[in-house]
file model.txt (compact mmCIF, C-alpha atoms)
# COMPACT_ATOMS: atom_id res chain seq x y z
CA MET A 187 -43.06 26.75 14.33
CA GLN A 188 -44.38 23.40 13.08
CA ARG A 189 -41.37 23.09 10.76
CA ILE A 190 -38.97 23.59 13.67
CA ILE A 191 -40.74 20.95 15.75
CA LEU A 192 -40.81 18.53 12.80
CA ALA A 193 -37.11 19.15 12.10
CA ALA A 194 -36.30 18.50 15.77
CA ILE A 195 -38.29 15.25 15.76
CA ILE A 196 -36.55 14.08 12.59
CA ALA A 197 -33.13 15.00 13.96
CA VAL A 198 -33.74 13.11 17.20
CA GLY A 199 -35.10 10.10 15.30
CA LEU A 200 -32.14 9.98 12.96
CA SER A 201 -29.57 10.36 15.71
CA ALA A 202 -31.15 8.01 18.26
CA PRO A 203 -29.49 4.77 17.08
CA ALA A 204 -26.03 6.33 17.01
CA GLU A 205 -26.52 7.86 20.45
CA ALA A 206 -27.85 4.59 21.83
CA ALA A 207 -24.67 2.72 20.93
CA SER A 208 -22.97 2.17 24.28
CA GLY A 209 -19.44 3.29 24.96
CA SER A 210 -18.18 -0.12 26.08
CA PRO A 211 -18.99 -3.71 25.16
CA GLU A 212 -20.12 -4.31 28.74
CA ALA A 213 -22.55 -1.36 28.67
CA ALA A 214 -23.90 -2.40 25.24
CA THR A 215 -24.45 -5.97 26.39
CA LYS A 216 -26.19 -4.80 29.54
CA ALA A 217 -28.41 -2.40 27.57
CA PHE A 218 -29.44 -5.17 25.18
CA TYR A 219 -30.19 -7.76 27.87
CA ASP A 220 -32.06 -5.23 29.99
CA ALA A 221 -34.31 -4.53 26.97
CA TYR A 222 -34.56 -8.26 26.24
CA LEU A 223 -35.83 -9.04 29.75
CA VAL A 224 -38.45 -6.30 29.50
CA GLN A 225 -39.64 -7.29 26.01
CA HIS A 226 -39.52 -11.08 26.52
CA VAL A 227 -40.37 -11.73 22.86
CA ARG A 228 -41.45 -15.20 21.73
CA GLY A 229 -40.39 -16.20 18.24
CA ILE A 230 -39.32 -13.53 15.80
CA PRO A 231 -40.12 -10.01 17.01
CA ASP A 232 -42.51 -8.00 14.85
CA ALA A 233 -41.74 -4.41 13.84
CA SER A 234 -43.20 -2.99 17.04
CA ALA A 235 -41.11 -5.22 19.30
CA ARG A 236 -38.04 -4.81 17.07
CA ALA A 237 -38.20 -1.03 17.53
CA HIS A 238 -37.12 -1.51 21.16
CA PHE A 239 -33.98 -3.32 20.01
CA THR A 240 -33.06 -1.28 16.92
CA PRO A 241 -30.83 1.25 18.71
CA LEU A 242 -29.04 -1.60 20.50
CA ILE A 243 -28.32 -3.91 17.54
CA SER A 244 -26.32 -3.70 14.33
CA PRO A 245 -28.05 -2.79 11.07
CA ALA A 246 -27.16 -6.28 9.78
CA LEU A 247 -28.91 -7.99 12.70
CA ASP A 248 -31.88 -5.64 12.39
CA LYS A 249 -32.23 -6.56 8.70
CA LEU A 250 -32.07 -10.28 9.48
CA LEU A 251 -34.80 -9.85 12.09
CA ALA A 252 -36.95 -7.86 9.64
CA ASP A 253 -36.45 -10.49 6.90
CA ALA A 254 -37.31 -13.30 9.32
CA ASP A 255 -40.43 -11.41 10.43
CA ALA A 256 -41.53 -11.00 6.79
CA ALA A 257 -40.93 -14.72 6.21
CA GLU A 258 -43.00 -15.60 9.29
CA LYS A 259 -45.86 -13.45 7.99
CA GLU A 260 -45.60 -15.08 4.56
CA HIS A 261 -45.63 -18.53 6.17
CA PHE A 262 -48.68 -17.57 8.26
CA GLU A 263 -50.56 -16.42 5.14
CA ARG A 264 -49.51 -19.38 2.99
CA THR A 265 -50.50 -21.97 5.59
CA LYS A 266 -53.62 -20.07 6.68
CA ASN A 267 -52.31 -20.30 10.25
CA GLN A 268 -52.63 -24.09 10.17
CA GLU A 269 -48.94 -24.59 10.99
CA PRO A 270 -46.91 -23.31 13.91
CA PRO A 271 -44.50 -20.39 13.42
CA LEU A 272 -41.15 -21.23 11.87
CA VAL A 273 -39.41 -20.05 15.05
CA GLU A 274 -41.18 -20.94 18.25
CA GLY A 275 -39.90 -19.93 21.63
CA ASP A 276 -37.07 -17.52 22.30
CA ALA A 277 -34.86 -16.58 19.35
CA PHE A 278 -32.51 -14.52 21.56
CA SER A 279 -31.27 -17.28 23.87
CA SER A 280 -30.50 -20.97 24.00
CA LEU A 281 -33.56 -21.89 26.03
CA PHE A 282 -37.02 -22.19 24.43
CA GLU A 283 -38.61 -20.36 27.37
CA GLY A 284 -35.99 -17.61 27.31
CA ALA A 285 -34.24 -16.12 30.30
CA THR A 286 -35.67 -14.45 33.37
CA SER A 287 -32.34 -13.03 34.56
CA TYR A 288 -28.75 -12.59 33.46
CA LYS A 289 -25.33 -11.75 34.80
CA LEU A 290 -22.64 -10.28 32.62
CA GLY A 291 -19.43 -12.28 32.44
CA GLU A 292 -16.07 -11.47 30.89
CA CYS A 293 -15.76 -9.47 27.69
CA SER A 294 -12.89 -9.57 25.23
CA VAL A 295 -12.21 -7.07 22.47
CA LYS A 296 -10.41 -7.68 19.19
CA ALA A 297 -10.35 -4.60 16.96
CA ALA A 298 -13.97 -3.76 16.03
CA THR A 299 -15.49 -6.93 17.54
CA ALA A 300 -16.15 -7.84 21.15
CA THR A 301 -17.48 -11.01 22.76
CA CYS A 302 -19.12 -11.06 26.18
CA ASP A 303 -20.15 -14.12 28.17
CA VAL A 304 -23.71 -13.77 29.43
CA HIS A 305 -24.76 -16.07 32.27
CA LEU A 306 -28.50 -16.54 31.76
CA SER A 307 -31.04 -18.26 33.91
CA TYR A 308 -34.69 -19.16 33.73
CA ALA A 309 -36.97 -19.78 36.70
CA GLU A 310 -40.67 -20.45 36.25
CA ASP A 311 -41.36 -18.60 39.49
CA LYS A 312 -39.42 -17.20 42.45
CA ASP A 313 -39.52 -20.53 44.31
CA ALA A 314 -38.35 -22.69 41.39
CA LYS A 315 -34.75 -23.80 41.00
CA PRO A 316 -33.38 -21.85 38.01
CA THR A 317 -31.94 -23.41 34.88
CA GLY A 318 -28.66 -21.75 33.91
CA TRP A 319 -26.47 -21.55 30.82
CA VAL A 320 -23.97 -19.24 29.13
CA ASP A 321 -24.54 -17.59 25.75
CA GLN A 322 -22.06 -15.20 24.16
CA ALA A 323 -23.01 -11.75 22.95
CA VAL A 324 -21.03 -10.71 19.86
CA LEU A 325 -20.78 -6.96 19.49
CA ALA A 326 -19.69 -4.69 16.66
CA LYS A 327 -18.08 -1.27 16.98
CA ARG A 328 -20.40 1.44 15.70
CA GLY A 329 -19.10 4.97 15.78
CA GLU A 330 -17.86 5.58 19.30
CA GLY A 331 -19.96 2.80 20.79
CA TRP A 332 -20.93 -0.86 20.52
CA VAL A 333 -24.07 -2.69 19.40
CA LEU A 334 -25.12 -6.35 19.52
CA ASP A 335 -24.39 -8.10 16.22
CA ASP A 336 -24.96 -11.79 17.02
CA ILE A 337 -25.45 -14.30 19.81
CA VAL A 338 -23.57 -17.59 20.07
CA PHE A 339 -25.95 -20.01 21.73
CA GLY A 340 -24.41 -22.10 24.49
CA ALA A 341 -27.07 -24.82 24.74
CA THR A 342 -25.68 -28.17 25.78
CA TRP A 343 -29.08 -29.90 25.62
CA ASP A 344 -30.83 -31.39 22.59
CA PHE A 345 -33.78 -29.05 22.13
CA GLY A 346 -32.02 -25.73 22.71
CA ASN A 347 -30.92 -23.21 20.13
CA HIS A 348 -27.46 -24.13 18.86
CA GLY A 349 -24.98 -22.26 16.71
CA ARG A 350 -25.46 -18.56 16.08
CA MET A 351 -28.53 -16.36 16.07
CA GLN A 352 -27.65 -14.85 12.68
CA ASP A 353 -27.59 -18.36 11.16
CA LEU A 354 -30.97 -19.15 12.73
CA LEU A 355 -32.41 -15.94 11.27
CA ARG A 356 -30.95 -16.59 7.80
CA GLN A 357 -32.68 -19.98 7.78
CA VAL A 358 -36.18 -18.61 8.44
CA PRO A 359 -36.82 -17.21 4.92
CA LYS A 360 -35.53 -20.48 3.43
CA ASP A 361 -37.92 -22.48 5.61
CA ALA A 362 -40.81 -20.17 4.67
CA ASN A 363 -40.38 -21.04 0.99
CA PRO A 364 -39.89 -24.80 0.82
call {"tool": "encode", "arguments": {"input": "model.txt", "output": "structure tokens"}}
result
Amino acid sequence: MQRIILAAIIAVGLSAPAEAASGSPEAATKAFYDAYLVQHVRGIPDASARAHFTPLISPALDKLLADADAAEKEHFERTKNQEPPLVEGDAFSSLFEGATSYKLGECSVKAATATCDVHLSYAEDKDAKPTGWVDQAVLAKRGEGWVLDDIVFGATWDFGNHGRMQDLLRQVPKDANP
């Protein structure tokens, strides 16, 4: 009986990422940003936080996040926590504070890649005027569904994230080992 239960647990665990891939770019983008708003991770997510995103992101993005997390830990140990993290603030959006809400914009599909505009906003509290911007979710086809592969930051201000999330994540291990 224990073998059957263990086999069932393993089967569910192995199939979960494939089943979590959403059938459309819109559904995949919504699933990712819904998880993002719940997790509201600062900096690079650790393994525990990353587990919430793993079924929703590409293996390549997951590996970049894991490598960046390892580099952050190495940096923490090397500096004896006397320096700030290499990535402070939100790594998943243009704004340091992150987003408190989003609205899905248009999506376009070209073969096995899709791009969706995501209208994000941040409000410190319900009475505050929100700050708004548009990032682009880049999705990859995975099996019959879609997963997030990258984010193109849409910051138009000086201290926001610029460029692409994958590029930001690739830089973290380089910064950890000056």
call {"tool": "residues_around", "arguments": {"input": "model.txt", "residues": "range 301-311 of chain A", "least_positions_apart": "5", "cutoff": "7 Å", "atoms": "all atoms listed in the file", "output": "VMD selection string"}}
result
chain A and resid 284 to 295 316 to 325
call {"tool": "write_last_selection", "arguments": {"input": "model.txt", "atoms": "C-alpha atoms", "output": "compact mmCIF listing (two decimals), in the coordinates of the input"}}
result
# COMPACT_ATOMS: atom_id res chain seq x y z
CA GLY A 284 -35.99 -17.61 27.31
CA ALA A 285 -34.24 -16.12 30.30
CA THR A 286 -35.67 -14.45 33.37
CA SER A 287 -32.34 -13.03 34.56
CA TYR A 288 -28.75 -12.59 33.46
CA LYS A 289 -25.33 -11.75 34.80
CA LEU A 290 -22.64 -10.28 32.62
CA GLY A 291 -19.43 -12.28 32.44
CA GLU A 292 -16.07 -11.47 30.89
CA CYS A 293 -15.76 -9.47 27.69
CA SER A 294 -12.89 -9.57 25.23
CA VAL A 295 -12.21 -7.07 22.47
CA PRO A 316 -33.38 -21.85 38.01
CA THR A 317 -31.94 -23.41 34.88
CA GLY A 318 -28.66 -21.75 33.91
CA TRP A 319 -26.47 -21.55 30.82
CA VAL A 320 -23.97 -19.24 29.13
CA ASP A 321 -24.54 -17.59 25.75
CA GLN A 322 -22.06 -15.20 24.16
CA ALA A 323 -23.01 -11.75 22.95
CA VAL A 324 -21.03 -10.71 19.86
CA LEU A 325 -20.78 -6.96 19.49
call {"tool": "closest_residue", "arguments": {"input": "model.txt", "among": "A:Ala298, A:Ala314, A:Val358, A:Ala233", "to": "Glu330 in chain A", "atoms": "only C-alpha atoms"}}
result
A:Ala298
call {"tool": "closest_residue", "arguments": {"input": "model.txt", "among": "A:Met351, A:Asn267, A:Ala326, A:Ala297", "to": "Ala214 in chain A", "atoms": "all atoms listed in the file"}}
result
A:Ala326
call {"tool": "residues_around", "arguments": {"input": "model.txt", "residues": "Asp353 in chain A", "least_positions_apart": "2", "cutoff": "12 Å", "atoms": "all atoms listed in the file", "output": "VMD selection string"}}
result
chain A and resid 247 250 to 251 254 277 335 to 339 347 to 351 355 to 360
call {"tool": "atom_distance", "arguments": {"input": "model.txt", "atom1": "CA of Ala362 in chain A", "atom2": "CA of Glu260 in chain A"}}
result
7.0 Å
call {"tool": "atom_distance", "arguments": {"input": "model.txt", "atom1": "CA of Asp313 in chain A", "atom2": "CA of Phe218 in chain A"}}
result
26.5 Å
call {"tool": "atom_distance", "arguments": {"input": "model.txt", "atom1": "CA of Leu354 in chain A", "atom2": "CA of Ala257 in chain A"}}
result
12.7 Å
call {"tool": "closest_residue", "arguments": {"input": "model.txt", "among": "A:Gly329, A:Gly340, A:Pro211, A:Pro231", "to": "Asp276 in chain A", "atoms": "all atoms listed in the file"}}
result
A:Pro231
call {"tool": "closest_residue", "arguments": {"input": "model.txt", "among": "A:Gly275, A:Gly346, A:Gly331, A:Gly209", "to": "His226 in chain A", "atoms": "all atoms listed in the file"}}
result
A:Gly275
call {"tool": "closest_residue", "arguments": {"input": "model.txt", "among": "A:Phe262, A:Trp332, A:Phe345, A:Phe278", "to": "Val227 in chain A", "atoms": "all atoms listed in the file"}}
result
A:Phe278
call {"tool": "closest_residue", "arguments": {"input": "model.txt", "among": "A:Ser208, A:Ser279, A:Ser234, A:Gln268", "to": "Leu334 in chain A", "atoms": "only C-alpha atoms"}}
result
A:Ser208
call {"tool": "residues_around", "arguments": {"input": "model.txt", "residues": "Glu258 in chain A", "least_positions_apart": "6", "cutoff": "10 Å", "atoms": "only C-alpha atoms", "output": "ChimeraX atom specification"}}
result
/A:229-232,252,264,270-273,358-359,361-362
call {"tool": "build_atoms", "arguments": {"input": "model.txt", "residues": "range 302-335 of chain A", "atoms": "N, CA and C atoms", "output": "compact mmCIF listing (two decimals), keeping the file's coordinate frame"}}
result
# COMPACT_ATOMS: atom_id res chain seq x y z
N CYS A 302 -18.86 -11.07 24.74
CA CYS A 302 -19.12 -11.06 26.18
C CYS A 302 -19.88 -12.32 26.57
N ASP A 303 -19.41 -12.99 27.61
CA ASP A 303 -20.15 -14.12 28.17
C ASP A 303 -21.35 -13.55 28.94
N VAL A 304 -22.50 -14.18 28.73
CA VAL A 304 -23.71 -13.77 29.43
C VAL A 304 -24.26 -15.01 30.13
N HIS A 305 -24.25 -14.97 31.45
CA HIS A 305 -24.76 -16.07 32.27
C HIS A 305 -26.26 -15.86 32.44
N LEU A 306 -27.04 -16.68 31.76
CA LEU A 306 -28.50 -16.54 31.76
C LEU A 306 -29.13 -17.59 32.64
N SER A 307 -30.29 -17.26 33.15
CA SER A 307 -31.04 -18.26 33.91
C SER A 307 -32.53 -18.05 33.68
N TYR A 308 -33.24 -19.16 33.86
CA TYR A 308 -34.69 -19.16 33.73
C TYR A 308 -35.27 -19.84 34.97
N ALA A 309 -36.23 -19.18 35.59
CA ALA A 309 -36.97 -19.78 36.70
C ALA A 309 -38.45 -19.52 36.45
N GLU A 310 -39.23 -20.57 36.51
CA GLU A 310 -40.67 -20.45 36.25
C GLU A 310 -41.33 -19.50 37.25
N ASP A 311 -40.87 -19.54 38.47
CA ASP A 311 -41.36 -18.60 39.49
C ASP A 311 -40.26 -18.41 40.52
N LYS A 312 -40.48 -17.55 41.50
CA LYS A 312 -39.42 -17.20 42.45
C LYS A 312 -38.99 -18.37 43.34
N ASP A 313 -39.85 -19.38 43.46
CA ASP A 313 -39.52 -20.53 44.31
C ASP A 313 -38.88 -21.69 43.53
N ALA A 314 -38.88 -21.60 42.22
CA ALA A 314 -38.35 -22.69 41.39
C ALA A 314 -36.83 -22.60 41.30
N LYS A 315 -36.20 -23.76 41.20
CA LYS A 315 -34.75 -23.80 41.00
C LYS A 315 -34.47 -23.36 39.56
N PRO A 316 -33.61 -22.36 39.37
CA PRO A 316 -33.38 -21.85 38.01
C PRO A 316 -32.52 -22.80 37.17
N THR A 317 -32.77 -22.75 35.87
CA THR A 317 -31.94 -23.41 34.88
C THR A 317 -30.94 -22.37 34.39
N GLY A 318 -29.67 -22.73 34.31
CA GLY A 318 -28.66 -21.75 33.91
C GLY A 318 -27.83 -22.22 32.73
N TRP A 319 -27.34 -21.28 31.96
CA TRP A 319 -26.47 -21.55 30.82
C TRP A 319 -25.72 -20.27 30.46
N VAL A 320 -24.76 -20.38 29.55
CA VAL A 320 -23.97 -19.24 29.13
C VAL A 320 -24.07 -19.11 27.61
N ASP A 321 -24.58 -17.96 27.16
CA ASP A 321 -24.54 -17.59 25.75
C ASP A 321 -23.47 -16.51 25.61
N GLN A 322 -23.04 -16.25 24.39
CA GLN A 322 -22.06 -15.20 24.16
C GLN A 322 -22.66 -14.12 23.27
N ALA A 323 -22.60 -12.90 23.74
CA ALA A 323 -23.01 -11.75 22.95
C ALA A 323 -21.83 -11.32 22.09
N VAL A 324 -22.07 -11.17 20.79
CA VAL A 324 -21.03 -10.71 19.86
C VAL A 324 -21.41 -9.28 19.47
N LEU A 325 -20.50 -8.37 19.73
CA LEU A 325 -20.78 -6.96 19.49
C LEU A 325 -19.90 -6.39 18.39
N ALA A 326 -20.42 -5.37 17.72
CA ALA A 326 -19.69 -4.69 16.66
C ALA A 326 -19.51 -3.23 17.06
N LYS A 327 -18.36 -2.69 16.72
CA LYS A 327 -18.08 -1.27 16.98
C LYS A 327 -18.92 -0.45 16.01
N ARG A 328 -19.59 0.55 16.54
CA ARG A 328 -20.40 1.44 15.70
C ARG A 328 -20.16 2.86 16.17
N GLY A 329 -19.47 3.62 15.36
CA GLY A 329 -19.10 4.97 15.78
C GLY A 329 -18.22 4.89 17.01
N GLU A 330 -18.61 5.59 18.04
CA GLU A 330 -17.86 5.58 19.30
C GLU A 330 -18.35 4.51 20.27
N GLY A 331 -19.37 3.76 19.87
CA GLY A 331 -19.96 2.80 20.79
C GLY A 331 -20.01 1.39 20.22
N TRP A 332 -20.80 0.55 20.87
CA TRP A 332 -20.93 -0.86 20.52
C TRP A 332 -22.41 -1.23 20.43
N VAL A 333 -22.71 -2.17 19.54
CA VAL A 333 -24.07 -2.69 19.40
C VAL A 333 -23.99 -4.22 19.26
N LEU A 334 -25.06 -4.89 19.65
CA LEU A 334 -25.12 -6.35 19.52
C LEU A 334 -25.20 -6.71 18.04
N ASP A 335 -24.39 -7.66 17.61
CA ASP A 335 -24.39 -8.10 16.22
C ASP A 335 -24.81 -9.56 16.06
